[in-house]
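The file work_31.txt comes next; it holds compact mmCIF, C-alpha atoms.
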# COMPACT_ATOMS: atom_id res chain seq x y z
CA MET A 1 60.18 -52.45 11.72
CA ALA A 2 56.84 -54.11 11.58
CA LYS A 3 54.57 -54.12 14.57
CA THR A 4 55.01 -57.14 16.79
CA ILE A 5 52.53 -59.34 18.57
CA ARG A 6 52.65 -62.02 21.20
CA LEU A 7 52.37 -65.63 20.02
CA ASP A 8 51.76 -68.65 22.23
CA ILE A 9 51.97 -72.15 20.87
CA ILE A 10 50.37 -74.66 23.18
CA THR A 11 50.32 -78.43 23.06
CA PRO A 12 48.56 -80.54 25.67
CA GLU A 13 51.94 -81.48 27.06
CA ARG A 14 53.80 -78.22 27.19
CA LEU A 15 54.05 -74.59 26.24
CA PHE A 16 55.88 -75.01 22.98
CA TYR A 17 56.66 -71.41 22.22
CA ARG A 18 56.01 -67.98 23.63
CA GLY A 19 57.43 -64.80 22.22
CA GLU A 20 57.02 -61.56 20.32
CA ILE A 21 56.72 -62.12 16.61
CA GLU A 22 56.27 -60.10 13.45
CA LEU A 23 54.78 -62.73 11.21
CA VAL A 24 53.58 -66.27 11.54
CA ILE A 25 52.73 -68.44 8.55
CA ALA A 26 50.51 -71.40 9.24
CA ARG A 27 48.78 -73.92 7.03
CA THR A 28 45.06 -73.50 7.45
CA LEU A 29 42.61 -75.93 5.92
CA SER A 30 42.44 -73.77 2.81
CA GLY A 31 46.16 -73.19 2.40
CA ASP A 32 49.11 -71.36 3.84
CA GLU A 33 48.23 -68.11 5.45
CA GLY A 34 50.35 -65.44 7.09
CA PHE A 35 49.22 -63.49 10.11
CA MET A 36 50.66 -60.21 11.32
CA ALA A 37 49.71 -57.85 14.10
CA ASN A 38 46.32 -56.12 13.72
CA HIS A 39 44.90 -59.00 11.73
CA THR A 40 41.11 -59.34 11.75
CA TRP A 41 40.04 -61.43 14.68
CA ALA A 42 39.74 -64.98 13.55
CA CYS A 43 39.66 -68.55 14.65
CA LYS A 44 40.91 -70.97 12.05
CA LEU A 45 41.55 -74.67 11.94
CA LEU A 46 45.02 -75.74 10.94
CA ALA A 47 46.13 -78.69 8.87
CA THR A 48 49.24 -80.76 9.42
CA GLY A 49 52.14 -78.79 8.06
CA GLU A 50 54.92 -76.38 8.63
CA LEU A 51 54.75 -73.36 10.82
CA TRP A 52 56.97 -70.39 10.05
CA ILE A 53 57.64 -67.84 12.70
CA GLN A 54 59.44 -64.56 12.14
CA GLU A 55 60.47 -63.30 15.52
CA ALA A 56 60.58 -59.62 16.37
CA GLY A 57 63.66 -57.94 14.93
CA SER A 58 64.75 -61.02 13.05
CA LYS A 59 65.03 -61.53 9.33
CA ASP A 60 65.02 -65.29 9.52
CA PHE A 61 62.17 -67.64 10.10
CA ARG A 62 62.00 -70.31 12.72
CA ILE A 63 60.29 -73.42 11.45
CA ALA A 64 58.32 -76.02 13.36
CA ALA A 65 56.28 -79.05 12.40
CA ILE A 66 52.76 -79.13 13.77
CA THR A 67 49.98 -81.66 13.55
CA GLY A 68 46.62 -80.04 13.12
CA GLY A 69 45.04 -77.70 15.60
CA PHE A 70 43.71 -74.20 15.46
CA ILE A 71 44.90 -70.64 15.60
CA ASP A 72 43.14 -68.00 17.59
CA ILE A 73 43.77 -64.46 16.42
CA LYS A 74 42.79 -61.77 18.90
CA GLU A 75 44.87 -59.21 20.81
CA LYS A 76 47.43 -61.96 20.85
CA PHE A 77 47.88 -65.06 18.77
CA THR A 78 47.42 -68.49 20.19
CA ILE A 79 48.04 -71.71 18.35
CA PHE A 80 46.75 -74.89 19.87
CA THR A 81 48.05 -78.09 18.36
CA ASP A 82 48.22 -81.78 19.24
CA ALA A 83 51.96 -81.96 18.75
CA ALA A 84 54.69 -79.54 17.73
CA GLU A 85 58.39 -80.02 17.13
CA TRP A 86 61.39 -77.89 16.32
CA PRO A 87 63.72 -79.21 13.59
CA ASP A 88 66.37 -80.28 16.10
CA GLU A 89 63.87 -82.40 17.98
CA ILE A 90 62.94 -84.43 14.94
CA ASP A 91 64.39 -87.87 14.41
CA VAL A 92 64.70 -87.70 10.62
CA GLU A 93 65.44 -91.37 10.16
CA ARG A 94 62.41 -92.41 12.12
CA ALA A 95 60.18 -89.98 10.26
CA MET A 96 61.46 -91.25 6.90
CA LYS A 97 60.90 -94.82 7.93
CA SER A 98 57.39 -94.22 9.10
CA GLU A 99 56.61 -92.34 5.90
CA LEU A 100 57.88 -95.28 3.88
CA ARG A 101 55.97 -97.75 6.00
CA ALA A 102 52.73 -95.85 5.63
CA LYS A 103 53.24 -95.56 1.87
CA GLU A 104 53.87 -99.27 1.53
CA TRP A 105 50.85 -100.06 3.58
CA LEU A 106 48.76 -97.78 1.44
CA GLN A 107 49.96 -99.44 -1.75
CA GLU A 108 49.16 -102.90 -0.44
CA HIS A 109 45.73 -101.93 0.69
CA SER A 110 44.83 -99.55 -2.10
CA ARG A 111 42.03 -101.81 -3.34
CA ASP A 112 40.61 -102.22 0.08
CA VAL A 113 37.64 -99.90 0.01
CA LEU A 114 36.24 -100.99 3.33
CA ASN A 115 39.09 -99.54 5.27
CA ALA A 116 38.44 -95.91 4.48
CA GLU A 117 39.29 -94.85 7.97
CA LEU A 118 42.60 -96.69 8.09
CA MET A 119 43.39 -95.29 4.66
CA SER A 120 42.93 -91.73 5.74
CA GLU A 121 44.96 -92.48 8.82
CA ALA A 122 47.79 -93.80 6.68
CA LYS A 123 47.55 -90.73 4.49
CA ARG A 124 47.73 -88.58 7.57
CA ASP A 125 50.77 -90.51 8.72
CA ILE A 126 52.48 -89.91 5.40
CA LEU A 127 51.74 -86.22 5.60
CA LYS A 128 52.94 -86.00 9.16
CA SER A 129 56.21 -87.78 8.52
CA HIS A 130 56.74 -85.89 5.30
CA THR A 131 56.33 -82.59 7.10
CA ARG A 132 58.76 -83.65 9.76
CA VAL A 133 61.39 -84.62 7.23
CA ASN A 134 60.89 -81.33 5.42
CA VAL A 135 61.06 -79.26 8.56
CA ALA A 136 64.22 -81.01 9.69
CA GLY A 137 65.72 -80.11 6.34
CA GLY A 138 64.90 -76.43 6.69
CA GLY A 139 61.37 -76.30 5.32
CA ALA A 140 59.83 -77.31 2.03
CA ARG A 141 60.05 -73.87 0.52
CA ARG A 142 62.90 -71.58 1.30
CA LYS A 143 62.46 -67.91 1.80
CA LYS A 144 63.84 -65.88 -1.07
CA MET B 1 61.14 -125.26 74.48
CA ALA B 2 62.48 -121.81 75.13
CA GLY B 3 65.16 -122.40 72.54
CA SER B 4 62.79 -123.14 69.69
CA SER B 5 60.57 -120.16 70.41
CA MET B 6 63.63 -117.96 70.41
CA GLN B 7 64.56 -119.40 67.05
CA ASP B 8 61.04 -118.69 65.77
CA ILE B 9 61.12 -115.10 66.90
CA LYS B 10 64.54 -114.61 65.39
CA ARG B 11 63.29 -115.94 62.09
CA ARG B 12 60.30 -113.62 62.13
CA VAL B 13 62.45 -110.59 62.90
CA LYS B 14 64.57 -111.48 59.93
CA SER B 15 61.64 -111.79 57.55
CA VAL B 16 60.00 -108.59 58.76
CA THR B 17 63.32 -106.79 58.32
CA ASN B 18 63.46 -108.02 54.74
CA ILE B 19 59.94 -106.77 54.09
CA GLU B 20 60.82 -103.45 55.65
CA HIS B 21 63.77 -103.10 53.29
CA ILE B 22 61.53 -103.74 50.28
CA THR B 23 58.75 -101.37 51.31
CA ASN B 24 61.27 -98.71 52.14
CA ALA B 25 62.84 -99.05 48.69
CA MET B 26 59.43 -98.91 47.04
CA LYS B 27 58.63 -95.80 49.02
CA LEU B 28 61.74 -94.08 47.71
CA VAL B 29 61.00 -95.15 44.14
CA SER B 30 57.42 -93.88 44.39
CA ALA B 31 58.60 -90.61 45.85
CA SER B 32 60.87 -89.92 42.90
CA LYS B 33 58.24 -91.04 40.39
CA LEU B 34 55.73 -88.81 42.12
CA ARG B 35 58.03 -85.84 41.71
CA ARG B 36 58.30 -86.45 37.99
CA ALA B 37 54.60 -87.11 37.52
CA LYS B 38 53.74 -83.93 39.37
CA VAL B 39 55.74 -81.83 36.94
CA THR B 40 53.81 -83.23 33.96
CA PHE B 41 50.54 -82.89 35.78
CA GLU B 42 51.11 -79.26 36.63
CA LYS B 43 52.02 -78.47 33.04
CA THR B 44 48.91 -80.02 31.54
CA GLY B 45 46.66 -78.16 33.96
CA GLU B 46 48.16 -74.84 32.94
CA TYR B 47 47.05 -74.91 29.31
CA PHE B 48 43.89 -76.84 29.64
CA HIS B 49 41.74 -73.83 30.41
CA PHE B 50 42.64 -72.37 27.04
CA VAL B 51 40.45 -74.74 25.07
CA THR B 52 37.56 -74.31 27.46
CA GLU B 53 37.85 -70.57 27.08
CA SER B 54 37.79 -70.79 23.31
CA ILE B 55 34.66 -72.92 23.42
CA GLU B 56 32.96 -70.45 25.71
CA ASP B 57 34.07 -67.62 23.46
CA ILE B 58 32.41 -69.17 20.46
CA PHE B 59 29.37 -70.11 22.43
CA ASN B 60 28.82 -66.63 23.76
CA ASN B 61 29.33 -64.99 20.43
CA SER B 62 27.26 -66.86 17.98
CA ALA B 63 23.76 -68.17 17.79
CA ASP B 64 24.06 -70.95 15.27
CA ILE B 65 26.29 -73.53 16.86
CA PRO B 66 25.53 -77.21 16.42
CA VAL B 67 23.63 -78.68 19.34
CA LYS B 68 24.77 -82.25 19.15
CA TYR B 69 27.39 -81.83 21.86
CA LEU B 70 25.26 -79.68 24.11
CA GLU B 71 23.21 -80.65 27.07
CA GLY B 72 19.56 -81.38 26.44
CA ASN B 73 19.87 -82.22 22.75
CA ARG B 74 18.57 -85.74 23.34
CA GLU B 75 17.34 -88.01 26.05
CA ILE B 76 20.12 -89.66 28.01
CA LYS B 77 19.82 -93.43 27.83
CA THR B 78 23.13 -95.17 27.51
CA THR B 79 25.93 -93.84 29.61
CA CYS B 80 29.57 -94.54 29.02
CA TYR B 81 31.75 -94.76 32.11
CA ILE B 82 35.46 -94.18 31.84
CA VAL B 83 37.09 -95.72 34.89
CA VAL B 84 40.65 -94.58 35.43
CA THR B 85 42.64 -96.92 37.69
CA SER B 86 46.24 -98.08 37.80
CA ASN B 87 47.98 -101.13 36.42
CA ARG B 88 49.76 -102.01 39.62
CA GLY B 89 48.68 -102.71 43.14
CA LEU B 90 50.33 -101.97 46.47
CA CYS B 91 49.00 -98.47 46.54
CA GLY B 92 46.59 -98.57 49.45
CA SER B 93 42.95 -97.92 48.71
CA PHE B 94 43.70 -96.01 45.52
CA ASN B 95 42.08 -98.44 43.09
CA SER B 96 39.33 -99.69 45.35
CA ASN B 97 38.14 -96.13 45.98
CA VAL B 98 37.74 -95.49 42.26
CA ILE B 99 36.12 -98.85 41.65
CA LYS B 100 33.72 -98.42 44.55
CA GLN B 101 32.48 -95.11 43.27
CA ALA B 102 32.28 -96.36 39.70
CA GLU B 103 30.27 -99.37 40.72
CA ALA B 104 27.88 -97.24 42.75
CA GLU B 105 27.30 -95.00 39.72
CA ILE B 106 26.85 -97.96 37.40
CA LYS B 107 24.42 -99.69 39.71
CA ALA B 108 22.37 -96.53 40.05
CA ASP B 109 22.01 -96.41 36.28
CA PRO B 110 19.01 -98.42 35.06
CA GLU B 111 20.40 -98.85 31.56
CA ALA B 112 23.24 -101.18 30.62
CA PRO B 113 26.49 -99.28 31.03
CA VAL B 114 29.27 -99.02 28.51
CA ILE B 115 32.53 -99.30 30.40
CA VAL B 116 35.87 -98.05 29.19
CA ALA B 117 38.68 -99.13 31.47
CA VAL B 118 41.95 -97.26 31.75
CA GLY B 119 44.31 -99.36 33.85
CA SER B 120 44.13 -103.10 34.38
CA LYS B 121 42.82 -103.03 37.95
CA GLY B 122 39.49 -101.54 36.97
CA ARG B 123 39.20 -103.77 33.91
CA ASP B 124 39.81 -106.95 35.90
CA TYR B 125 37.29 -105.97 38.52
CA PHE B 126 34.46 -105.31 36.10
CA LEU B 127 35.30 -108.27 33.86
CA LYS B 128 35.09 -110.58 36.85
CA ARG B 129 31.65 -109.28 37.68
CA GLY B 130 30.35 -109.91 34.21
CA TYR B 131 30.34 -106.40 32.78
CA ASP B 132 31.30 -105.81 29.19
CA ILE B 133 34.39 -103.74 28.73
CA CYS B 134 34.15 -101.95 25.43
CA GLY B 135 37.48 -100.23 25.52
CA GLU B 136 40.65 -100.50 27.49
CA TYR B 137 43.97 -98.79 27.79
CA MET B 138 46.73 -100.65 29.58
CA LEU B 139 50.04 -98.92 28.91
CA PRO B 140 51.84 -97.43 31.89
CA PRO B 141 50.40 -93.96 32.43
CA GLU B 142 53.60 -92.32 33.68
CA ASN B 143 54.93 -91.21 30.34
CA ILE B 144 51.85 -91.31 28.20
CA ALA B 145 51.82 -88.95 25.24
CA PHE B 146 48.78 -86.98 24.25
CA ILE B 147 48.60 -88.72 20.87
CA GLU B 148 48.41 -92.08 22.63
CA THR B 149 45.27 -91.14 24.50
CA HIS B 150 43.51 -90.93 21.15
CA ASP B 151 43.10 -94.69 21.36
CA VAL B 152 40.86 -94.13 24.35
CA SER B 153 39.07 -90.99 23.37
CA SER B 154 38.38 -91.30 19.66
CA PRO B 155 36.13 -94.41 19.86
CA ILE B 156 34.17 -92.74 22.62
CA ILE B 157 33.62 -89.60 20.61
CA GLU B 158 32.70 -91.67 17.56
CA GLN B 159 30.11 -93.63 19.45
CA TYR B 160 28.71 -90.48 20.91
CA VAL B 161 28.34 -88.88 17.50
CA GLU B 162 26.73 -92.04 16.13
CA GLY B 163 24.25 -91.98 18.98
CA LYS B 164 25.29 -95.28 20.54
CA ILE B 165 26.01 -93.54 23.79
CA ASP B 166 24.28 -90.45 25.08
CA GLU B 167 26.44 -89.48 27.99
CA VAL B 168 30.08 -89.83 28.92
CA MET B 169 31.09 -89.90 32.58
CA MET B 170 34.63 -90.20 33.83
CA ILE B 171 35.60 -91.49 37.26
CA TYR B 172 39.16 -90.79 38.27
CA THR B 173 41.25 -89.75 41.22
CA SER B 174 41.98 -86.08 41.49
CA PHE B 175 45.08 -84.76 43.11
CA VAL B 176 44.53 -82.51 46.12
CA SER B 177 47.93 -82.81 47.76
CA THR B 178 50.58 -85.46 48.20
CA LEU B 179 48.69 -86.62 51.27
CA GLU B 180 45.18 -86.38 49.95
CA GLN B 181 43.56 -87.68 46.80
CA ARG B 182 39.88 -87.58 46.06
CA VAL B 183 37.79 -89.65 43.70
CA LYS B 184 35.94 -87.45 41.26
CA THR B 185 33.16 -88.05 38.78
CA VAL B 186 32.91 -85.62 35.89
CA ARG B 187 30.67 -85.50 32.90
CA LEU B 188 32.49 -84.99 29.62
CA LEU B 189 29.57 -85.12 27.23
CA PRO B 190 27.08 -83.70 26.57
CA PHE B 191 28.85 -80.46 27.08
CA ASP B 192 27.32 -78.57 29.94
CA ILE B 193 27.56 -74.92 29.09
CA LYS B 194 25.24 -72.11 29.97
CA ARG B 195 24.85 -68.95 28.02
CA ASP B 196 26.29 -66.48 30.42
CA PRO B 197 24.41 -63.15 30.17
CA GLU B 198 27.16 -61.31 32.00
CA VAL B 199 29.79 -62.02 29.41
CA THR B 200 29.93 -59.15 27.02
CA PRO B 201 30.25 -60.22 23.43
CA LEU B 202 33.59 -59.56 21.85
CA GLU B 203 33.76 -56.09 20.43
CA LYS B 204 35.01 -57.25 17.08
CA GLN B 205 33.69 -59.64 14.50
CA VAL B 206 35.56 -62.93 14.52
CA GLU B 207 36.23 -64.76 11.31
CA TYR B 208 35.80 -68.49 11.55
CA GLU B 209 37.32 -70.77 9.00
CA PRO B 210 36.13 -73.07 7.45
CA SER B 211 32.95 -72.32 9.41
CA ILE B 212 31.83 -71.75 12.93
CA GLU B 213 30.32 -75.22 13.14
CA ASP B 214 33.53 -76.83 12.00
CA VAL B 215 35.58 -74.96 14.55
CA PHE B 216 33.12 -75.86 17.27
CA ASN B 217 32.96 -79.47 16.15
CA TYR B 218 36.73 -79.57 16.30
CA LEU B 219 36.99 -77.97 19.71
CA VAL B 220 34.51 -80.07 21.65
CA PRO B 221 36.07 -83.48 20.88
CA LYS B 222 39.42 -81.89 21.55
CA TYR B 223 38.10 -80.82 24.90
CA VAL B 224 37.08 -84.39 25.65
CA GLU B 225 40.46 -85.69 24.53
CA ILE B 226 42.31 -83.25 26.72
CA MET B 227 40.07 -84.01 29.67
CA ILE B 228 40.83 -87.71 29.33
CA TYR B 229 44.52 -87.07 28.87
CA SER B 230 44.75 -84.83 31.91
CA ALA B 231 42.72 -87.27 33.99
CA ILE B 232 45.14 -90.07 33.14
CA VAL B 233 48.10 -87.90 34.01
CA GLU B 234 46.46 -86.75 37.23
CA SER B 235 45.51 -90.27 38.19
CA ALA B 236 49.10 -91.41 37.62
CA THR B 237 50.29 -88.67 39.96
CA CYS B 238 47.78 -89.81 42.56
CA GLU B 239 48.82 -93.42 42.15
CA HIS B 240 52.39 -92.57 43.07
CA ALA B 241 51.31 -90.39 45.95
CA ALA B 242 49.03 -93.16 47.24
CA ARG B 243 51.73 -95.78 46.87
CA ARG B 244 54.25 -93.62 48.64
CA MET B 245 51.85 -93.23 51.56
CA ALA B 246 51.01 -96.92 51.62
CA MET B 247 54.66 -97.90 51.57
CA GLU B 248 55.50 -95.39 54.27
CA ASN B 249 52.81 -96.89 56.49
CA ALA B 250 54.05 -100.39 55.71
CA THR B 251 57.59 -99.41 56.64
CA ASP B 252 56.41 -97.85 59.88
CA ASN B 253 54.38 -100.93 60.73
CA ALA B 254 57.31 -103.20 59.96
CA ASN B 255 59.54 -101.11 62.24
CA ASN B 256 56.99 -101.33 65.06
CA MET B 257 56.74 -105.04 64.57
CA ILE B 258 60.50 -105.44 64.66
CA ALA B 259 60.64 -103.46 67.92
CA ASP B 260 57.92 -105.64 69.47
CA LEU B 261 59.50 -108.85 68.29
CA THR B 262 62.92 -107.81 69.57
CA LEU B 263 61.34 -107.18 72.95
CA PHE B 264 59.75 -110.65 72.93
CA TYR B 265 63.02 -112.16 71.83
CA ASN B 266 64.94 -110.55 74.67
CA ARG B 267 62.30 -111.61 77.11
CA ALA B 268 62.39 -115.18 75.91
CA ARG B 269 66.17 -115.19 76.07
CA GLN B 270 66.13 -113.82 79.60
CA ALA B 271 63.56 -116.44 80.59
CA ALA B 272 65.76 -119.16 79.16
CA ILE B 273 68.79 -117.87 81.07
CA THR B 274 66.81 -117.58 84.30
CA SER B 275 65.44 -121.08 84.01
CA GLU B 276 68.91 -122.43 83.25
CA ILE B 277 70.34 -120.75 86.33
CA THR B 278 67.50 -122.08 88.44
CA GLU B 279 68.24 -125.55 87.12
CA ILE B 280 71.94 -125.30 87.91
CA VAL B 281 71.30 -123.85 91.36
CA SER B 282 68.75 -126.51 92.20
CA GLY B 283 71.11 -129.18 90.84
CA ALA B 284 73.95 -127.84 93.01
CA ASP B 285 71.62 -127.72 95.99
CA ALA B 286 70.63 -131.33 95.44
CA LEU B 287 74.28 -132.44 95.53
CA LYS B 288 74.80 -130.98 99.00

Serialized structure, structure tokens:
Amino acid sequence: MAKTIRLDIITPERLFYRGEIELVIARTLSGDEGFMANHTWACKLLATGELWIQEAGSKDFRIAAITGGFIDIKEKFTIFTDAAEWPDEIDVERAMKSELRAKEWLQEHSRDVLNAELMSEAKRDILKSHTRVNVAGGGARRKK
Amino acid sequence: MAGSSMQDIKRRVKSVTNIEHITNAMKLVSASKLRRAKVTFEKTGEYFHFVTESIEDIFNNSADIPVKYLEGNREIKTTCYIVVTSNRGLCGSFNSNVIKQAEAEIKADPEAPVIVAVGSKGRDYFLKRGYDICGEYMLPPENIAFIETHDVSSPIIEQYVEGKIDEVMMIYTSFVSTLEQRVKTVRLLPFDIKRDPEVTPLEKQVEYEPSIEDVFNYLVPKYVEIMIYSAIVESATCEHAARRMAMENATDNANNMIADLTLFYNRARQAAITSEITEIVSGADALK
């Protein structure tokens, strides 16, 4: 069995997760990255995406949707994120609707160059909702 | 004459009793809201230190961090004041305490202030006195989500980065106990951090991705956001505590008043009876 390490996932509102894990896969700004015990110390920013956690002694992954944040890799792992949700907490219908709404908005305003900030916000919204739908459905990519 | 004054007193007792019922109900409502708010408040406090620690970690371990968030990077001219009050009244001196302190700070500042109001009481006060309110947040603070506080914090951070404001101060009520709340003024930006010589650098190299500046530039605004969020949550807790106290006092006062009025009523009634008896007796005497 692989070596385990403590992982804390913190949001401003609550302690989202705390437990011994073998592997955590998070989406950093440069792509998905897996972290195991004895990883080089690091401090990386995370993008909006899925978070896969393999708990100690388990073959399966637990999935969560997170919205940005950072991961701190030292003697223990800490993930700090603005919001995190387990699949069963996600309202799929609402997420789908908001994804659709953001997409429509983006299409209508695609020629609007002045609103760069709103555009990126809409794109973020799409990504966020998309992730939530995916996570609720068991993750975008399944483990082989 | 005695009859009408008795009627008056009776009417007053009735109205005071009604008020007592209302304040008592409000006290109970505030007490239960306070309990809920306290749970949220305690949770936010628990994890807040984590971000501060990470910032200090980075600060103590690297030389080339960007200075734009740090103290002394530029002269402080325009100060932004975040005034955290409530949306509702009937909570004793809760709002006026915050407003008083905020106004004192603003008056002491020679430059024109930039005011961001959280809660309608503070906004109304400063609007009435001719200040410009450049940002406001009016939703009920009881069940505010962290994401929602972005509406308050992100424009502030933007303006700070653009150089429109040089300092961010926040005036809010901090929770000491259910019986005591204290108005506090804290400075959010520039970030006041000292290189602590006692802290030993971490024994291992830390990898920062994408770069140390990016991580630092992410963390500091996050720190500000969390500070604002936790202040709003804390202030909501205080509001309920203050209202509970105010309503308890009101109920006590109403009860005292009812006791006094009942005494007056009985006295007036007795006086009426006595005078009636005297009248009858003197009437009977006259017939003899």

Nearest-residue call for Arg6 (chain A), choices A:Val135, A:Leu46, A:Ala56, A:Leu29, using all atoms listed in the file: A:Ala56

Would you give me, as JSON, numbers by chain, the residues of chain A that come within 6 Å of chain B, using all atoms listed in the file? {"A": [12, 13, 41, 42, 43, 44]}

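By only C-alpha atoms, and with residues fewer than 4 positions from Thr48 (chain A) along its chain excluded, the set lying at most 9 Å from it is A:Arg27, A:Thr28, A:Leu29, A:Ala65, A:Ile66, A:Thr67, A:Gly68, A:Gly69, A:Arg124, A:Leu127, A:Lys128, A:Thr131.
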
Restricting the output to C-alpha atoms, write the selected residues as a tab-separated table (two decimals), in the coordinates of the input.
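File produced: part06.tsv:
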chain	number	residue	atom	x	y	z
A	27	ARG	CA	48.78	-73.92	7.03
A	28	THR	CA	45.06	-73.50	7.45
A	29	LEU	CA	42.61	-75.93	5.92
A	65	ALA	CA	56.28	-79.05	12.40
A	66	ILE	CA	52.76	-79.13	13.77
A	67	THR	CA	49.98	-81.66	13.55
A	68	GLY	CA	46.62	-80.04	13.12
A	69	GLY	CA	45.04	-77.70	15.60
A	124	ARG	CA	47.73	-88.58	7.57
A	127	LEU	CA	51.74	-86.22	5.60
A	128	LYS	CA	52.94	-86.00	9.16
A	131	THR	CA	56.33	-82.59	7.10

Compile the contact shell of Phe35 (chain A) as a PyMOL selection string: residues with an atom at most 12 Å away, counting only C-alpha atoms, same-chain residues fewer than 3 positions apart removed. chain A and resi 3-7+21-28+32+38-44+51-54+71-74+76-79

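The gap separating CA of Ser235 (chain B) from CA of Val29 (chain B) is 17.3 Å, in Å to one decimal.
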
Separation of CA of Arg101 (chain A) and CA of Val133 (chain A), in Å? 14.3 Å

Within 9 Å of Arg243 (chain B) using all atoms listed in the file, minus same-chain residues under 6 positions, as an mmCIF file with C-alpha atoms, in the frame of the given file:
data_model
loop_
_atom_site.group_PDB
_atom_site.id
_atom_site.type_symbol
_atom_site.label_atom_id
_atom_site.label_comp_id
_atom_site.auth_asym_id
_atom_site.auth_seq_id
_atom_site.Cartn_x
_atom_site.Cartn_y
_atom_site.Cartn_z
ATOM 1 C CA MET B 26 59.430 -98.910 47.040
ATOM 2 C CA LYS B 27 58.630 -95.800 49.020
ATOM 3 C CA SER B 30 57.420 -93.880 44.390
ATOM 4 C CA ALA B 31 58.600 -90.610 45.850
ATOM 5 C CA GLY B 89 48.680 -102.710 43.140
ATOM 6 C CA LEU B 90 50.330 -101.970 46.470
ATOM 7 C CA CYS B 91 49.000 -98.470 46.540
ATOM 8 C CA GLY B 92 46.590 -98.570 49.450
ATOM 9 C CA PHE B 94 43.700 -96.010 45.520
#

Kindly give the distance, in Å, that separates CA of Asp109 (chain B) and CA of Glu167 (chain B), rounded to a single decimal. 11.7 Å

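Nearest residue to Gln159 (chain B), choosing from B:Thr79, B:Thr85, B:Ser282, B:Asn60 and counting only C-alpha atoms: B:Thr79.
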
Contacts of Asn97 (chain B) within 12 Å, only C-alpha atoms, excl. fewer than 4 positions in-chain, as a PyMOL selection string: chain B and resi 83-86+91-93+101-104+121-122+171-174+181-185+239+242

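With only C-alpha atoms as the basis for measurement, B:Val39 is the residue among B:Ile99, B:Asn253, B:Val39, B:Lys14 that approaches Arg14 (chain A) most closely.
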
Using all atoms listed in the file, can you tell me which of B:Ile19, B:Met138, B:Met227, B:Leu70 comes closest to His49 (chain B)? B:Met227

Kindly complete region 78-91 of chain A to N, CA and C atoms; the output should be written as an mmCIF file, in the frame of the given file.
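As written to disk, result_20.cif reads:
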data_model
loop_
_atom_site.group_PDB
_atom_site.id
_atom_site.type_symbol
_atom_site.label_atom_id
_atom_site.label_comp_id
_atom_site.auth_asym_id
_atom_site.auth_seq_id
_atom_site.Cartn_x
_atom_site.Cartn_y
_atom_site.Cartn_z
ATOM 1 N N THR A 78 47.216 -67.240 19.494
ATOM 2 C CA THR A 78 47.420 -68.490 20.190
ATOM 3 C C THR A 78 47.239 -69.628 19.213
ATOM 4 N N ILE A 79 48.192 -70.526 19.184
ATOM 5 C CA ILE A 79 48.040 -71.710 18.350
ATOM 6 C C ILE A 79 47.937 -72.904 19.282
ATOM 7 N N PHE A 80 46.906 -73.674 19.084
ATOM 8 C CA PHE A 80 46.750 -74.890 19.870
ATOM 9 C C PHE A 80 46.887 -76.076 18.952
ATOM 10 N N THR A 81 47.822 -76.958 19.261
ATOM 11 C CA THR A 81 48.050 -78.090 18.360
ATOM 12 C C THR A 81 48.302 -79.354 19.176
ATOM 13 N N ASP A 82 48.040 -80.505 18.537
ATOM 14 C CA ASP A 82 48.220 -81.780 19.240
ATOM 15 C C ASP A 82 49.688 -82.054 19.523
ATOM 16 N N ALA A 83 50.536 -81.721 18.569
ATOM 17 C CA ALA A 83 51.960 -81.960 18.750
ATOM 18 C C ALA A 83 52.740 -80.963 17.924
ATOM 19 N N ALA A 84 53.852 -80.495 18.451
ATOM 20 C CA ALA A 84 54.690 -79.540 17.730
ATOM 21 C C ALA A 84 56.148 -79.886 17.985
ATOM 22 N N GLU A 85 56.968 -79.688 16.972
ATOM 23 C CA GLU A 85 58.390 -80.020 17.130
ATOM 24 C C GLU A 85 59.259 -79.006 16.398
ATOM 25 N N TRP A 86 60.377 -78.669 17.012
ATOM 26 C CA TRP A 86 61.390 -77.890 16.320
ATOM 27 C C TRP A 86 62.214 -78.850 15.468
ATOM 28 N N PRO A 87 62.931 -78.311 14.458
ATOM 29 C CA PRO A 87 63.720 -79.210 13.590
ATOM 30 C C PRO A 87 64.694 -80.080 14.378
ATOM 31 N N ASP A 88 65.342 -79.499 15.403
ATOM 32 C CA ASP A 88 66.370 -80.280 16.100
ATOM 33 C C ASP A 88 65.785 -81.366 16.990
ATOM 34 N N GLU A 89 64.474 -81.356 17.154
ATOM 35 C CA GLU A 89 63.870 -82.400 17.980
ATOM 36 C C GLU A 89 63.413 -83.588 17.130
ATOM 37 N N ILE A 90 63.493 -83.403 15.823
ATOM 38 C CA ILE A 90 62.940 -84.430 14.940
ATOM 39 C C ILE A 90 63.975 -85.502 14.631
ATOM 40 N N ASP A 91 63.550 -86.736 14.770
ATOM 41 C CA ASP A 91 64.390 -87.870 14.410
ATOM 42 C C ASP A 91 64.101 -88.167 12.930
#
